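See below for structure_31.cif, which holds mmCIF, C-alpha atoms and all ligand atoms.
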data_upload
loop_
_atom_site.label_atom_id
_atom_site.label_comp_id
_atom_site.auth_asym_id
_atom_site.auth_seq_id
_atom_site.Cartn_x
_atom_site.Cartn_y
_atom_site.Cartn_z
CA MET A 1094 64.11 -12.35 -3.01
CA ASP A 1095 60.77 -10.80 -3.88
CA PHE A 1096 57.84 -12.86 -2.51
CA ARG A 1097 54.21 -12.61 -3.56
CA LEU A 1098 51.12 -14.61 -2.67
CA VAL A 1099 48.68 -14.81 -5.56
CA ARG A 1100 45.27 -16.38 -6.04
CA ALA A 1101 45.86 -19.53 -8.05
CA THR A 1102 44.16 -20.24 -11.35
CA GLU A 1103 43.39 -23.64 -12.76
CA ASN A 1104 46.64 -23.28 -14.75
CA ASP A 1105 48.45 -23.70 -11.42
CA LEU A 1106 46.92 -27.13 -10.82
CA PRO A 1107 49.84 -29.10 -12.34
CA PHE A 1108 52.23 -27.30 -9.94
CA ILE A 1109 49.90 -27.84 -6.97
CA MET A 1110 49.39 -31.51 -7.78
CA ALA A 1111 53.13 -32.08 -8.29
CA THR A 1112 53.92 -30.35 -4.99
CA GLU A 1113 51.42 -32.35 -2.93
CA ARG A 1114 52.96 -35.49 -4.50
CA ARG A 1115 56.59 -34.73 -3.64
CA ALA A 1116 58.63 -37.61 -2.30
CA GLY A 1117 58.00 -38.18 1.40
CA TYR A 1118 54.96 -35.92 1.58
CA ASP A 1119 52.50 -38.81 1.44
CA ALA A 1120 52.99 -39.32 5.19
CA PHE A 1121 51.88 -35.78 5.99
CA VAL A 1122 49.56 -34.31 3.41
CA GLY A 1123 46.57 -35.41 1.37
CA ARG A 1124 46.48 -35.31 -2.38
CA TRP A 1125 43.59 -34.96 -4.77
CA ASP A 1126 43.21 -35.97 -8.37
CA GLU A 1127 42.50 -33.31 -10.96
CA PRO A 1128 38.67 -33.61 -11.00
CA CYS A 1129 38.64 -33.25 -7.22
CA HIS A 1130 40.80 -30.09 -7.38
CA ARG A 1131 38.65 -28.65 -10.18
CA GLN A 1132 35.52 -29.27 -8.14
CA ALA A 1133 37.05 -27.57 -5.09
CA PHE A 1134 38.18 -24.68 -7.28
CA ALA A 1135 34.66 -24.15 -8.53
CA ASP A 1136 32.60 -24.78 -5.40
CA GLY A 1137 32.97 -21.28 -3.98
CA THR A 1138 34.17 -22.41 -0.55
CA HIS A 1139 37.84 -23.00 -1.34
CA ALA A 1140 40.48 -20.35 -1.97
CA TYR A 1141 43.67 -21.48 -3.66
CA PHE A 1142 46.89 -19.48 -3.31
CA VAL A 1143 50.35 -19.93 -4.76
CA GLY A 1144 53.50 -18.34 -3.33
CA ILE A 1145 55.88 -16.93 -5.92
CA GLU A 1146 59.49 -16.03 -5.21
CA GLY A 1147 61.08 -14.13 -8.06
CA SER A 1148 59.25 -15.82 -10.91
CA ALA A 1149 59.11 -19.37 -9.51
CA PRO A 1150 56.26 -20.93 -7.54
CA ILE A 1151 57.49 -22.14 -4.15
CA GLY A 1152 54.35 -23.65 -2.66
CA PHE A 1153 50.60 -23.50 -2.32
CA VAL A 1154 47.91 -23.10 0.32
CA ILE A 1155 44.28 -24.15 0.06
CA LEU A 1156 41.82 -22.53 2.45
CA ARG A 1157 38.38 -24.04 3.00
CA GLY A 1158 35.49 -22.07 4.38
CA TRP A 1159 36.75 -18.87 2.76
CA ALA A 1160 34.42 -16.05 3.86
CA SER A 1161 32.16 -18.62 5.54
CA ALA A 1162 29.09 -17.49 7.43
CA GLU A 1163 30.52 -19.11 10.58
CA ARG A 1164 33.62 -16.93 10.20
CA VAL A 1165 35.78 -20.04 10.57
CA THR A 1166 38.32 -20.89 7.88
CA LEU A 1167 40.35 -24.08 7.65
CA VAL A 1168 43.83 -24.26 6.20
CA LYS A 1169 42.94 -27.39 4.30
CA ARG A 1170 46.34 -28.04 2.72
CA ILE A 1171 49.77 -26.44 2.51
CA ALA A 1172 52.99 -27.67 0.96
CA VAL A 1173 56.19 -26.11 -0.26
CA VAL A 1174 58.66 -27.44 -2.82
CA ALA A 1175 61.71 -26.99 -0.56
CA PRO A 1176 60.84 -27.56 3.11
CA GLY A 1177 62.88 -26.40 6.08
CA GLN A 1178 64.04 -23.11 4.56
CA GLY A 1179 61.48 -20.76 6.03
CA GLN A 1180 59.30 -20.69 2.93
CA GLY A 1181 56.36 -22.46 4.52
CA ARG A 1182 56.02 -19.93 7.28
CA MET A 1183 56.36 -17.07 4.79
CA LEU A 1184 53.64 -18.59 2.61
CA LEU A 1185 51.33 -19.30 5.52
CA ALA A 1186 51.83 -15.89 7.12
CA ALA A 1187 50.82 -14.27 3.84
CA ALA A 1188 47.75 -16.51 3.51
CA ILE A 1189 46.73 -15.72 7.09
CA ASP A 1190 46.98 -12.00 6.35
CA ARG A 1191 44.84 -12.41 3.23
CA ALA A 1192 42.16 -14.32 5.13
CA PHE A 1193 41.94 -11.79 7.97
CA VAL A 1194 42.15 -8.76 5.68
CA GLU A 1195 39.92 -9.91 2.83
CA THR A 1196 37.27 -11.74 4.86
CA ASP A 1197 35.72 -11.33 8.29
CA ALA A 1198 37.12 -14.66 9.50
CA TYR A 1199 37.36 -14.88 13.27
CA ARG A 1200 39.09 -18.25 13.54
CA LEU A 1201 41.68 -19.89 11.31
CA CYS A 1202 42.38 -23.52 12.06
CA ILE A 1203 44.56 -26.26 10.75
CA GLY A 1204 44.80 -29.97 11.45
CA LEU A 1205 48.05 -31.86 11.28
CA PHE A 1206 49.31 -35.27 12.18
CA PRO A 1207 50.84 -35.06 15.65
CA ASP A 1208 54.17 -36.44 14.38
CA ASN A 1209 54.56 -33.64 11.82
CA HIS A 1210 56.94 -31.70 14.05
CA ARG A 1211 58.27 -29.55 11.21
CA ALA A 1212 54.79 -28.32 10.33
CA ARG A 1213 53.91 -27.65 13.97
CA ARG A 1214 57.01 -25.56 14.44
CA ALA A 1215 56.28 -23.55 11.30
CA TYR A 1216 52.65 -22.99 12.34
CA GLU A 1217 53.60 -21.87 15.83
CA ALA A 1218 56.03 -19.39 14.30
CA VAL A 1219 53.14 -17.68 12.48
CA GLY A 1220 50.79 -17.50 15.42
CA PHE A 1221 48.95 -20.82 15.61
CA THR A 1222 48.36 -22.39 19.04
CA ALA A 1223 47.97 -26.13 19.59
CA GLU A 1224 44.53 -26.79 21.06
CA GLY A 1225 44.37 -30.55 21.36
CA ILE A 1226 43.93 -33.83 19.61
CA ALA A 1227 40.85 -34.47 17.53
CA ARG A 1228 40.55 -38.24 17.58
CA GLY A 1229 39.91 -39.97 14.29
CA SER A 1230 39.27 -36.70 12.49
CA ALA A 1231 41.21 -37.50 9.31
CA LEU A 1232 40.36 -40.34 6.98
CA PHE A 1233 43.78 -40.75 5.41
CA ASN A 1234 44.43 -43.53 2.90
CA GLY A 1235 41.49 -45.43 4.34
CA VAL A 1236 42.69 -45.10 7.96
CA HIS A 1237 41.03 -42.94 10.64
CA ARG A 1238 43.83 -40.86 12.10
CA ASP A 1239 44.08 -38.40 14.97
CA GLU A 1240 44.88 -34.79 14.20
CA LEU A 1241 46.44 -32.07 16.29
CA VAL A 1242 44.19 -29.04 15.98
CA MET A 1243 45.92 -25.66 15.86
CA ALA A 1244 44.19 -22.32 15.52
CA GLN A 1245 44.56 -18.59 15.75
CA LEU A 1246 41.85 -16.05 16.38
CA ARG A 1247 41.49 -12.62 14.83
CA PRO A 1248 42.43 -10.71 18.03
CA GLU A 1249 45.63 -12.74 18.26
CA TRP A 1250 46.46 -11.94 14.63
CA GLU A 1251 45.72 -8.25 15.25
CA ARG A 1252 48.09 -8.20 18.19
CA ARG A 1253 50.77 -9.97 16.17
CA ALA A 1254 50.30 -7.74 13.14
CA GLY A 1255 50.15 -4.62 15.29
CA THR A 1256 46.82 -3.79 13.69
CA PRO A 1257 44.40 -1.78 15.80
CA ALA A 1258 41.43 -3.82 16.93
C1 LIG B 1301 54.70 -28.00 6.55
C2 LIG B 1301 55.48 -27.08 5.64
C3 LIG B 1301 54.55 -26.29 4.73
C4 LIG B 1301 56.24 -26.08 6.54
O1 LIG B 1301 57.02 -25.27 5.72
P1 LIG B 1301 58.63 -25.19 5.89
O2 LIG B 1301 59.12 -24.26 4.85
O3 LIG B 1301 59.21 -26.56 5.90
O4 LIG B 1301 58.72 -24.58 7.34
P2 LIG B 1301 59.82 -23.58 7.91
O5 LIG B 1301 61.15 -23.85 7.25
O6 LIG B 1301 59.26 -22.22 7.83
O7 LIG B 1301 59.87 -24.01 9.43
C5 LIG B 1301 60.16 -25.35 9.77
C6 LIG B 1301 60.62 -25.41 11.20
O8 LIG B 1301 60.65 -26.78 11.62
C7 LIG B 1301 61.96 -27.10 12.00
N1 LIG B 1301 62.14 -28.49 11.57
C8 LIG B 1301 62.54 -28.96 10.40
N2 LIG B 1301 62.53 -30.31 10.44
C9 LIG B 1301 62.09 -30.66 11.66
C10 LIG B 1301 61.86 -31.89 12.32
N3 LIG B 1301 62.05 -33.06 11.71
N4 LIG B 1301 61.40 -31.87 13.60
C11 LIG B 1301 61.17 -30.70 14.24
N5 LIG B 1301 61.38 -29.50 13.66
C12 LIG B 1301 61.83 -29.49 12.39
C13 LIG B 1301 62.86 -26.12 11.29
O9 LIG B 1301 64.09 -26.00 11.98
C14 LIG B 1301 62.00 -24.86 11.38
O10 LIG B 1301 62.00 -24.33 12.68
P3 LIG B 1301 62.98 -23.12 13.11
O11 LIG B 1301 63.00 -22.15 11.97
O12 LIG B 1301 62.33 -22.57 14.33
O13 LIG B 1301 64.29 -23.73 13.32
C15 LIG B 1301 56.53 -27.86 4.77
O14 LIG B 1301 57.47 -28.50 5.64
C16 LIG B 1301 55.91 -28.90 3.86
O15 LIG B 1301 55.47 -28.59 2.76
N6 LIG B 1301 55.90 -30.17 4.34
C17 LIG B 1301 55.38 -31.28 3.55
C18 LIG B 1301 53.87 -31.28 3.50
C19 LIG B 1301 53.24 -31.06 4.86
O16 LIG B 1301 53.66 -31.59 5.87
N7 LIG B 1301 52.19 -30.23 4.84
C20 LIG B 1301 51.47 -29.86 6.04
C21 LIG B 1301 50.41 -30.84 6.37
S1 LIG B 1301 49.50 -30.33 7.81
#
Take the structure from the file and write it as structure tokens.
Amino acid sequence: MDFRLVRATENDLPFIMATERRAGYDAFVGRWDEPCHRQAFADGTHAYFVGIEGSAPIGFVILRGWASAERVTLVKRIAVVAPGQGQGRMLLAAAIDRAFVETDAYRLCIGLFPDNHRARRAYEAVGFTAEGIARGSALFNGVHRDELVMAQLRPEWERRAGTPA
């Protein structure tokens, strides 16, 4: 099936908000209300992407620190409609390529709850390395939670993509 990663528009917000609210996802991923998403959309530091297979959206990725001066970009949020079918890694791999091709990012990082084994496996499959636990780095539903920090650096992506340095 034909897959494309496109920059989201505000018309995609209902899909994004429904996806981050899917049953069972509340244990793993944050969710914002519409004003919060609209503010992130407009603030110039977030890049929203939607993955499309055929003509249907299959998931979204939000990057924070897009084209930042520090050359560090955070995968702030990712979720797919149908997990465990390889779509998350396809979506993330495409978003990684966009970040490294379209910006001069040196480091892409992502934080996940250490018990999110499915996410960790998907992230490792697209080149992220676990670096360690950042204690209390996520304020999630009013609770300070530890996050596993994973990252990949541009030279690692270049080696994986077979792109000359
Ligand atoms: C995280 C997410 C985007 C990953 O996308 P995905 O499409 O599910 O991932 P993939 O299917 O590409 O890969 C999942 C891998 O985890 C494995 N897996 C599935 N369930 C698992 C579990 N409970 N424990 C360990 N591994 C698991 C799968 O077998 C697969 O690995 P393999 O292909 O090597 O066998 C998706 O699961 C999702 O949207 N989850 C809900 C929201 C979320 O957790 N977001 C991330 C917050 S950091």
Any idea what's packed within 12 Å of Val1168 (chain A), counting only C-alpha atoms, ignoring anything in its chain fewer than 5 positions away? Could you give it as an mmCIF file with C-alpha atoms, in the frame of the given file?
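The result, stored in part-v7.cif:
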data_model
loop_
_atom_site.group_PDB
_atom_site.id
_atom_site.type_symbol
_atom_site.label_atom_id
_atom_site.label_comp_id
_atom_site.auth_asym_id
_atom_site.auth_seq_id
_atom_site.Cartn_x
_atom_site.Cartn_y
_atom_site.Cartn_z
ATOM 1 C CA VAL A 1122 49.560 -34.310 3.410
ATOM 2 C CA THR A 1138 34.170 -22.410 -0.550
ATOM 3 C CA HIS A 1139 37.840 -23.000 -1.340
ATOM 4 C CA ALA A 1140 40.480 -20.350 -1.970
ATOM 5 C CA TYR A 1141 43.670 -21.480 -3.660
ATOM 6 C CA PHE A 1142 46.890 -19.480 -3.310
ATOM 7 C CA PHE A 1153 50.600 -23.500 -2.320
ATOM 8 C CA VAL A 1154 47.910 -23.100 0.320
ATOM 9 C CA ILE A 1155 44.280 -24.150 0.060
ATOM 10 C CA LEU A 1156 41.820 -22.530 2.450
ATOM 11 C CA ARG A 1157 38.380 -24.040 3.000
ATOM 12 C CA GLY A 1158 35.490 -22.070 4.380
ATOM 13 C CA TRP A 1159 36.750 -18.870 2.760
ATOM 14 C CA LEU A 1184 53.640 -18.590 2.610
ATOM 15 C CA LEU A 1185 51.330 -19.300 5.520
ATOM 16 C CA ALA A 1186 51.830 -15.890 7.120
ATOM 17 C CA ALA A 1188 47.750 -16.510 3.510
ATOM 18 C CA ILE A 1189 46.730 -15.720 7.090
ATOM 19 C CA ALA A 1192 42.160 -14.320 5.130
ATOM 20 C CA ARG A 1200 39.090 -18.250 13.540
ATOM 21 C CA LEU A 1201 41.680 -19.890 11.310
ATOM 22 C CA CYS A 1202 42.380 -23.520 12.060
ATOM 23 C CA ILE A 1203 44.560 -26.260 10.750
ATOM 24 C CA GLY A 1204 44.800 -29.970 11.450
ATOM 25 C CA LEU A 1205 48.050 -31.860 11.280
ATOM 26 C CA TYR A 1216 52.650 -22.990 12.340
ATOM 27 C CA PHE A 1221 48.950 -20.820 15.610
ATOM 28 C CA VAL A 1242 44.190 -29.040 15.980
ATOM 29 C CA MET A 1243 45.920 -25.660 15.860
ATOM 30 C CA ALA A 1244 44.190 -22.320 15.520
ATOM 31 C CA GLN A 1245 44.560 -18.590 15.750
#
Distance CA of Met1183 (chain A)-atom C21 of ligand LIG 1301 (chain B), one decimal place? 15.1 Å
Give as a ChimeraX atom specification the residues surrounding ligand LIG 1301 (chain B) up to a distance of 7 Å, considering all atoms listed in the file. /A:1113,1118,1121-1122,1170-1183,1204-1206,1209-1212,1214-1215
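Residue nearest Val1194 (chain A), chosen from A:Pro1107, A:Glu1251, A:Gly1152, A:Glu1163 and counting all atoms listed in the file: A:Glu1251.
Of the residues listed (A:Val1143, A:Ala1111, A:Ala1223, A:Leu1241), A:Leu1241 shows the shortest atom-to-atom separation from Pro1207 (chain A); distances use all atoms listed in the file.
Comparing the minimum interatomic distances between Pro1150 (chain A) and each of A:Asp1105, A:Asp1208, A:Glu1224, A:Asp1239, counting all atoms listed in the file, we find that A:Asp1105 sits nearest.
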Mind working out the centre and edge lengths of an axis-aligned box for region 1231-1248 of chain A, all listed atoms inside, 6 Å added to each side, rounded to one decimal in Å and written as lines of an AutoDock Vina configuration file?
center_x = 43.4
center_y = -28.1
center_z = 10.5
size_x = 18.1
size_y = 46.7
size_z = 27.1
Using all atoms listed in the file, the shortest atom-to-atom distance to Arg1097 (chain A) among A:Gly1235, A:Gly1220, A:Gly1147, A:Gly1229 belongs to A:Gly1147
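Going from CA of Val1236 (chain A) over to CA of Asp1119 (chain A), you cover 13.4 Å.
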Starting from the incomplete input, reconstruct all heavy atoms of region 1165-1176 of chain A and write that as a PDB file, keeping the file's coordinate frame.
ATOM      1  N   VAL A1165      34.727 -19.074  10.261  1.00  0.00           N
ATOM      2  CA  VAL A1165      35.780 -20.040  10.570  1.00  0.00           C
ATOM      3  C   VAL A1165      36.346 -20.531   9.243  1.00  0.00           C
ATOM      4  O   VAL A1165      35.596 -20.928   8.359  1.00  0.00           O
ATOM      5  CB  VAL A1165      35.220 -21.238  11.366  1.00  0.00           C
ATOM      6  CG1 VAL A1165      36.309 -22.286  11.575  1.00  0.00           C
ATOM      7  CG2 VAL A1165      34.658 -20.781  12.704  1.00  0.00           C
ATOM      8  N   THR A1166      37.656 -20.464   9.113  1.00  0.00           N
ATOM      9  CA  THR A1166      38.320 -20.890   7.880  1.00  0.00           C
ATOM     10  C   THR A1166      39.379 -21.927   8.221  1.00  0.00           C
ATOM     11  O   THR A1166      40.134 -21.768   9.184  1.00  0.00           O
ATOM     12  CB  THR A1166      38.960 -19.680   7.167  1.00  0.00           C
ATOM     13  OG1 THR A1166      37.922 -18.757   6.832  1.00  0.00           O
ATOM     14  CG2 THR A1166      39.673 -20.091   5.893  1.00  0.00           C
ATOM     15  N   LEU A1167      39.397 -22.991   7.436  1.00  0.00           N
ATOM     16  CA  LEU A1167      40.350 -24.080   7.650  1.00  0.00           C
ATOM     17  C   LEU A1167      41.483 -23.984   6.630  1.00  0.00           C
ATOM     18  O   LEU A1167      41.225 -23.798   5.440  1.00  0.00           O
ATOM     19  CB  LEU A1167      39.609 -25.419   7.460  1.00  0.00           C
ATOM     20  CG  LEU A1167      40.471 -26.682   7.428  1.00  0.00           C
ATOM     21  CD1 LEU A1167      41.027 -27.002   8.816  1.00  0.00           C
ATOM     22  CD2 LEU A1167      39.644 -27.868   6.913  1.00  0.00           C
ATOM     23  N   VAL A1168      42.698 -24.079   7.123  1.00  0.00           N
ATOM     24  CA  VAL A1168      43.830 -24.260   6.200  1.00  0.00           C
ATOM     25  C   VAL A1168      43.799 -25.734   5.814  1.00  0.00           C
ATOM     26  O   VAL A1168      44.223 -26.601   6.574  1.00  0.00           O
ATOM     27  CB  VAL A1168      45.176 -23.883   6.855  1.00  0.00           C
ATOM     28  CG1 VAL A1168      46.320 -24.091   5.865  1.00  0.00           C
ATOM     29  CG2 VAL A1168      45.146 -22.451   7.363  1.00  0.00           C
ATOM     30  N   LYS A1169      43.192 -25.996   4.684  1.00  0.00           N
ATOM     31  CA  LYS A1169      42.940 -27.390   4.300  1.00  0.00           C
ATOM     32  C   LYS A1169      44.238 -28.090   3.899  1.00  0.00           C
ATOM     33  O   LYS A1169      44.442 -29.254   4.221  1.00  0.00           O
ATOM     34  CB  LYS A1169      41.938 -27.404   3.136  1.00  0.00           C
ATOM     35  CG  LYS A1169      41.714 -28.744   2.503  1.00  0.00           C
ATOM     36  CD  LYS A1169      41.156 -29.742   3.515  1.00  0.00           C
ATOM     37  CE  LYS A1169      41.065 -31.143   2.908  1.00  0.00           C
ATOM     38  NZ  LYS A1169      40.962 -32.157   3.967  1.00  0.00           N
ATOM     39  N   ARG A1170      45.099 -27.389   3.183  1.00  0.00           N
ATOM     40  CA  ARG A1170      46.340 -28.040   2.720  1.00  0.00           C
ATOM     41  C   ARG A1170      47.403 -26.980   2.464  1.00  0.00           C
ATOM     42  O   ARG A1170      47.104 -25.904   1.933  1.00  0.00           O
ATOM     43  CB  ARG A1170      46.079 -28.814   1.439  1.00  0.00           C
ATOM     44  CG  ARG A1170      47.202 -29.745   1.033  1.00  0.00           C
ATOM     45  CD  ARG A1170      46.750 -30.713  -0.027  1.00  0.00           C
ATOM     46  NE  ARG A1170      45.634 -31.529   0.422  1.00  0.00           N
ATOM     47  CZ  ARG A1170      44.809 -32.212  -0.379  1.00  0.00           C
ATOM     48  NH1 ARG A1170      45.007 -32.194  -1.675  1.00  0.00           N
ATOM     49  NH2 ARG A1170      43.825 -32.921   0.125  1.00  0.00           N
ATOM     50  N   ILE A1171      48.629 -27.313   2.826  1.00  0.00           N
ATOM     51  CA  ILE A1171      49.770 -26.440   2.510  1.00  0.00           C
ATOM     52  C   ILE A1171      50.965 -27.337   2.219  1.00  0.00           C
ATOM     53  O   ILE A1171      51.178 -28.350   2.901  1.00  0.00           O
ATOM     54  CB  ILE A1171      50.071 -25.441   3.649  1.00  0.00           C
ATOM     55  CG1 ILE A1171      51.325 -24.622   3.324  1.00  0.00           C
ATOM     56  CG2 ILE A1171      50.214 -26.121   5.000  1.00  0.00           C
ATOM     57  CD1 ILE A1171      51.544 -23.434   4.257  1.00  0.00           C
ATOM     58  N   ALA A1172      51.725 -26.968   1.233  1.00  0.00           N
ATOM     59  CA  ALA A1172      52.990 -27.670   0.960  1.00  0.00           C
ATOM     60  C   ALA A1172      53.905 -26.739   0.197  1.00  0.00           C
ATOM     61  O   ALA A1172      53.449 -25.913  -0.610  1.00  0.00           O
ATOM     62  CB  ALA A1172      52.747 -28.954   0.171  1.00  0.00           C
ATOM     63  N   VAL A1173      55.183 -26.868   0.492  1.00  0.00           N
ATOM     64  CA  VAL A1173      56.190 -26.110  -0.260  1.00  0.00           C
ATOM     65  C   VAL A1173      57.091 -27.086  -1.003  1.00  0.00           C
ATOM     66  O   VAL A1173      57.196 -28.263  -0.647  1.00  0.00           O
ATOM     67  CB  VAL A1173      57.053 -25.205   0.660  1.00  0.00           C
ATOM     68  CG1 VAL A1173      56.209 -24.128   1.316  1.00  0.00           C
ATOM     69  CG2 VAL A1173      57.797 -26.021   1.705  1.00  0.00           C
ATOM     70  N   VAL A1174      57.763 -26.589  -2.014  1.00  0.00           N
ATOM     71  CA  VAL A1174      58.660 -27.440  -2.820  1.00  0.00           C
ATOM     72  C   VAL A1174      59.904 -27.785  -2.006  1.00  0.00           C
ATOM     73  O   VAL A1174      60.378 -28.922  -2.027  1.00  0.00           O
ATOM     74  CB  VAL A1174      59.040 -26.706  -4.126  1.00  0.00           C
ATOM     75  CG1 VAL A1174      60.096 -27.490  -4.900  1.00  0.00           C
ATOM     76  CG2 VAL A1174      57.798 -26.465  -4.976  1.00  0.00           C
ATOM     77  N   ALA A1175      60.436 -26.801  -1.278  1.00  0.00           N
ATOM     78  CA  ALA A1175      61.710 -26.990  -0.560  1.00  0.00           C
ATOM     79  C   ALA A1175      61.477 -26.723   0.927  1.00  0.00           C
ATOM     80  O   ALA A1175      61.556 -25.572   1.374  1.00  0.00           O
ATOM     81  CB  ALA A1175      62.756 -26.034  -1.124  1.00  0.00           C
ATOM     82  N   PRO A1176      61.152 -27.777   1.698  1.00  0.00           N
ATOM     83  CA  PRO A1176      60.840 -27.560   3.110  1.00  0.00           C
ATOM     84  C   PRO A1176      62.075 -27.217   3.945  1.00  0.00           C
ATOM     85  O   PRO A1176      63.209 -27.455   3.527  1.00  0.00           O
ATOM     86  CB  PRO A1176      60.255 -28.905   3.543  1.00  0.00           C
ATOM     87  CG  PRO A1176      60.817 -29.902   2.587  1.00  0.00           C
ATOM     88  CD  PRO A1176      61.038 -29.179   1.301  1.00  0.00           C
TER      89      PRO A1176
END
